[in-house]
Amino acid sequence: MIDQLPENRTLPDDVRMRARRRLSEGMAPGARAGRQTLIAAGVSLLAAGAVFATQALLGGNAEVAGPPSYPDNGELVGKDRAVINHVERGRVDPDVLSRCVAAAKAHPPVSAWQTIATSHKAGTVLTAFRGPAGVFFCANTVTTTTISNPDPVQLEEGRRKVRILFTTPSGTMAGLVSPDVKFLSLARIGDRGTDNTGPALVDGLFLAPSGFTKAENGTQALANGEHFAVRGVPKPTASVVDRPLPPADRSTPEALKLAECVRDRPIPDAAQFAHTLTVRLSATSTVRLGRFGDLLLYCMDQGKPVKGRVLDRDDLDEVRGETIASVGAFYDFAPETLREDGEVDHLVSNTAAATGLITDPRVASITYTRPGTADLPASIGNGTFVLVAPLIDRHPDARVVVRDAAGTVLETIKPGDVP
């Protein structure tokens, strides 16, 4: 029996994707009067099983009701978070090291720096070092470097201990955990699915290259299934702009809208994201995309305050091949009663779009095809695309065909297959 139910939070990316896939694949075509649906509940647990938070896919404060999944010490087990956060023990890229050394102020000579581990996710590289005076952390984005001073602090004895030592203006976080902690999630107090992170645990440290902002205003931890507030969270360490770039254009109305998406969001180099594409999906939902290098800025506007999210290629596996990569975005959620007593309030969606990056400059068209239905072309703009198609149906013969300007097929992709 679970004594403490977790609040809404985003789980590891692979868990979110597999939950949605299991949900869609497990639904018979005749279920729910012939509709295949995605359920978004406003509660933390459903009687049928666990709730999988899928903010990247849903674009709002919504959760996916998946099949039963049993927790290990209160955490749903997915891909190792060291894999999700791309942890490499004992290694640091020479360029990263040189930038950290250049930004260091109260640090020993670099010869005394011991690299504990490097991690990276969503545009930020986070490295943990140990020196004679204690551990310190360095975060690098394309344009900035942020480094903490060595800290000799140690955790007090006890179980489920977490201490945050380092935060950055763009939401990177790092600190200490007690040896018994095997699963850790951090969230801004009051979070409803948009301000949380699943750090990697490495040798008594936690590393969250992509976390959340304003952690000092109130952060809670879920460690081995137990919730508690984290005290003494430091304010963000000031970043050094060591590789400046001109900001992206913000002169158009759509670019200004995109700027709203990055406000108070854990988005590195936020000023660099250029607006690439806006697609009105329905009367109530509009998706806006931005791009900076190989990072996608995704923002679903459904009439509420918009909250953008940065995704890298590892997050984009809804329709993914050699030339394109995308994430599934659900929209047009409608209220529906799940239980006869009306106790559980939830939303249901059976509409989705693939939003993503074009990774090959030859791409000129992207088309969803399925026997017996008309072809559905994607909207394409500035290296990004939006493909509105019945992806949730998981039709066995559905394909996405990518062509160049001459109409030559570059590749054919089965939705959901990851190369």
# chains A, B, ... in the order shown; residues from 1 in each chain; ligands from 1
>>> select_by_dssp(residues="stretch 129-202 of chain A", states="strand (DSSP E or B)", output="MDAnalysis selection string")
chainID A and resid 129:131 134:140 144:147 151 162:167 173:177 184:188 196:197 200:202
>>> residues_around(residues="A:Gly356", least_positions_apart="5", cutoff="8 Å", atoms="only C-alpha atoms", output="PDB file with N, CA and C atoms, in the first residue's frame")
ATOM      1  N   LEU A 296      15.106  22.210 -29.703  1.00  0.00           N
ATOM      2  CA  LEU A 296      13.749  22.610 -30.082  1.00  0.00           C
ATOM      3  C   LEU A 296      13.074  23.271 -28.885  1.00  0.00           C
ATOM      4  N   LEU A 316      13.150  13.434 -28.709  1.00  0.00           N
ATOM      5  CA  LEU A 316      12.294  13.486 -29.899  1.00  0.00           C
ATOM      6  C   LEU A 316      12.214  12.105 -30.553  1.00  0.00           C
ATOM      7  N   ILE A 324      14.521  13.697 -39.736  1.00  0.00           N
ATOM      8  CA  ILE A 324      13.623  14.444 -38.853  1.00  0.00           C
ATOM      9  C   ILE A 324      13.552  13.753 -37.498  1.00  0.00           C
ATOM     10  N   ALA A 325      13.132  14.508 -36.486  1.00  0.00           N
ATOM     11  CA  ALA A 325      12.910  13.949 -35.147  1.00  0.00           C
ATOM     12  C   ALA A 325      11.855  14.787 -34.463  1.00  0.00           C
ATOM     13  N   SER A 326      10.888  14.129 -33.819  1.00  0.00           N
ATOM     14  CA  SER A 326       9.776  14.897 -33.247  1.00  0.00           C
ATOM     15  C   SER A 326       9.256  14.257 -31.967  1.00  0.00           C
ATOM     16  N   VAL A 327       8.504  15.059 -31.219  1.00  0.00           N
ATOM     17  CA  VAL A 327       7.811  14.612 -30.016  1.00  0.00           C
ATOM     18  C   VAL A 327       6.311  14.744 -30.254  1.00  0.00           C
ATOM     19  N   THR A 384      12.038  23.387 -38.609  1.00  0.00           N
ATOM     20  CA  THR A 384      11.124  22.709 -37.699  1.00  0.00           C
ATOM     21  C   THR A 384       9.866  22.326 -38.472  1.00  0.00           C
ATOM     22  N   PHE A 385       9.048  21.470 -37.853  1.00  0.00           N
ATOM     23  CA  PHE A 385       7.816  21.067 -38.527  1.00  0.00           C
ATOM     24  C   PHE A 385       6.755  20.683 -37.516  1.00  0.00           C
ATOM     25  N   VAL A 386       5.508  20.750 -37.960  1.00  0.00           N
ATOM     26  CA  VAL A 386       4.351  20.284 -37.195  1.00  0.00           C
ATOM     27  C   VAL A 386       3.527  19.398 -38.121  1.00  0.00           C
TER      28      VAL A 386
END
>>> select_by_dssp(residues="stretch 179-346 of chain A", states="alpha helix (DSSP H)", output="list in words")
Pro253, Glu254, Ala255, Leu256, Lys257, Leu258, Ala259, Glu260, Cys261 and Val262 of chain A
>>> write_last_selection(atoms="N, CA and C atoms", output="PDB file, in the first residue's frame")
ATOM      1  N   PRO A 253       5.175  39.834 -34.071  1.00  0.00           N
ATOM      2  CA  PRO A 253       4.224  39.399 -33.028  1.00  0.00           C
ATOM      3  C   PRO A 253       4.431  37.952 -32.610  1.00  0.00           C
ATOM      4  N   GLU A 254       4.724  37.069 -33.552  1.00  0.00           N
ATOM      5  CA  GLU A 254       4.920  35.659 -33.190  1.00  0.00           C
ATOM      6  C   GLU A 254       6.199  35.467 -32.390  1.00  0.00           C
ATOM      7  N   ALA A 255       7.230  36.232 -32.721  1.00  0.00           N
ATOM      8  CA  ALA A 255       8.474  36.149 -31.956  1.00  0.00           C
ATOM      9  C   ALA A 255       8.266  36.651 -30.529  1.00  0.00           C
ATOM     10  N   LEU A 256       7.451  37.688 -30.375  1.00  0.00           N
ATOM     11  CA  LEU A 256       7.135  38.182 -29.029  1.00  0.00           C
ATOM     12  C   LEU A 256       6.347  37.152 -28.239  1.00  0.00           C
ATOM     13  N   LYS A 257       5.444  36.454 -28.916  1.00  0.00           N
ATOM     14  CA  LYS A 257       4.704  35.381 -28.256  1.00  0.00           C
ATOM     15  C   LYS A 257       5.652  34.282 -27.783  1.00  0.00           C
ATOM     16  N   LEU A 258       6.634  33.965 -28.633  1.00  0.00           N
ATOM     17  CA  LEU A 258       7.598  32.946 -28.252  1.00  0.00           C
ATOM     18  C   LEU A 258       8.406  33.393 -27.040  1.00  0.00           C
ATOM     19  N   ALA A 259       8.677  34.694 -26.951  1.00  0.00           N
ATOM     20  CA  ALA A 259       9.410  35.210 -25.801  1.00  0.00           C
ATOM     21  C   ALA A 259       8.642  34.968 -24.502  1.00  0.00           C
ATOM     22  N   GLU A 260       7.310  34.991 -24.576  1.00  0.00           N
ATOM     23  CA  GLU A 260       6.519  34.687 -23.387  1.00  0.00           C
ATOM     24  C   GLU A 260       6.736  33.246 -22.926  1.00  0.00           C
ATOM     25  N   CYS A 261       6.998  32.373 -23.874  1.00  0.00           N
ATOM     26  CA  CYS A 261       7.161  30.956 -23.548  1.00  0.00           C
ATOM     27  C   CYS A 261       8.420  30.682 -22.738  1.00  0.00           C
ATOM     28  N   VAL A 262       9.436  31.540 -22.852  1.00  0.00           N
ATOM     29  CA  VAL A 262      10.702  31.289 -22.157  1.00  0.00           C
ATOM     30  C   VAL A 262      10.783  32.012 -20.826  1.00  0.00           C
TER      31      VAL A 262
END
>>> atom_distance(atom1="atom CA of A:Phe333", atom2="atom CA of A:Ser282")
11.3 Å
>>> closest_residue(among="A:Val279, A:Cys100, A:Leu222, A:Val153", to="A:Ala139", atoms="only C-alpha atoms")
A:Cys100
>>> atom_distance(atom1="atom CA of A:Gly232", atom2="atom CA of A:Thr167")
11.9 Å
>>> atom_distance(atom1="atom CA of A:Phe129", atom2="atom CA of A:Gln220")
25.2 Å
>>> residues_around(residues="A:Ala271", least_positions_apart="4", cutoff="10 Å", atoms="only C-alpha atoms", output="ChimeraX atom specification")
/A:245-250,259,262,267,292
>>> residues_around(residues="stretch 361-377 of chain A", least_positions_apart="5", cutoff="10 Å", atoms="only C-alpha atoms", output="JSON list (two decimals) with C-alpha atoms, in the first residue's frame")
[["chain", "number", "residue", "atom", "x", "y", "z"],
["A", 323, "THR", "CA", 16.22, 13.42, -41.46],
["A", 324, "ILE", "CA", 13.62, 14.44, -38.85],
["A", 382, "ASN", "CA", 13.00, 27.25, -40.58],
["A", 383, "GLY", "CA", 14.17, 23.78, -39.72],
["A", 385, "PHE", "CA", 7.82, 21.07, -38.53],
["A", 386, "VAL", "CA", 4.35, 20.28, -37.20],
["A", 387, "LEU", "CA", 2.54, 17.21, -38.47],
["A", 388, "VAL", "CA", -1.12, 16.97, -37.45],
["A", 389, "ALA", "CA", -2.04, 13.30, -37.86],
["A", 390, "PRO", "CA", -3.79, 10.46, -35.97],
["A", 391, "LEU", "CA", -0.55, 9.26, -34.42],
["A", 395, "HIS", "CA", -2.13, 2.03, -37.33],
["A", 396, "PRO", "CA", 0.27, -0.75, -38.39],
["A", 397, "ASP", "CA", 0.48, 0.56, -41.95],
["A", 398, "ALA", "CA", 0.89, 4.25, -41.11],
["A", 399, "ARG", "CA", 4.07, 5.84, -42.39],
["A", 400, "VAL", "CA", 5.69, 9.27, -42.54],
["A", 401, "VAL", "CA", 7.36, 9.93, -45.88],
["A", 402, "VAL", "CA", 10.13, 12.53, -46.14],
["A", 403, "ARG", "CA", 10.98, 13.94, -49.58],
["A", 404, "ASP", "CA", 13.35, 16.48, -51.07],
["A", 405, "ALA", "CA", 12.39, 19.36, -53.37],
["A", 406, "ALA", "CA", 12.44, 17.10, -56.42],
["A", 407, "GLY", "CA", 10.01, 14.70, -54.81],
["A", 408, "THR", "CA", 12.62, 12.01, -54.18],
["A", 409, "VAL", "CA", 11.93, 9.99, -51.05],
["A", 410, "LEU", "CA", 14.68, 10.54, -48.50],
["A", 411, "GLU", "CA", 13.26, 8.09, -45.98],
["A", 412, "THR", "CA", 10.07, 6.43, -44.81],
["A", 413, "ILE", "CA", 9.44, 6.25, -41.07],
["A", 414, "LYS", "CA", 7.02, 4.17, -39.04],
["A", 415, "PRO", "CA", 5.71, 6.40, -36.20]]
>>> residues_around(residues="stretch 119-125 of chain A", least_positions_apart="3", cutoff="8 Å", atoms="only C-alpha atoms", output="PyMOL selection string")
chain A and resi 84-88+139-142+172+207+209-210+268+295+310-312
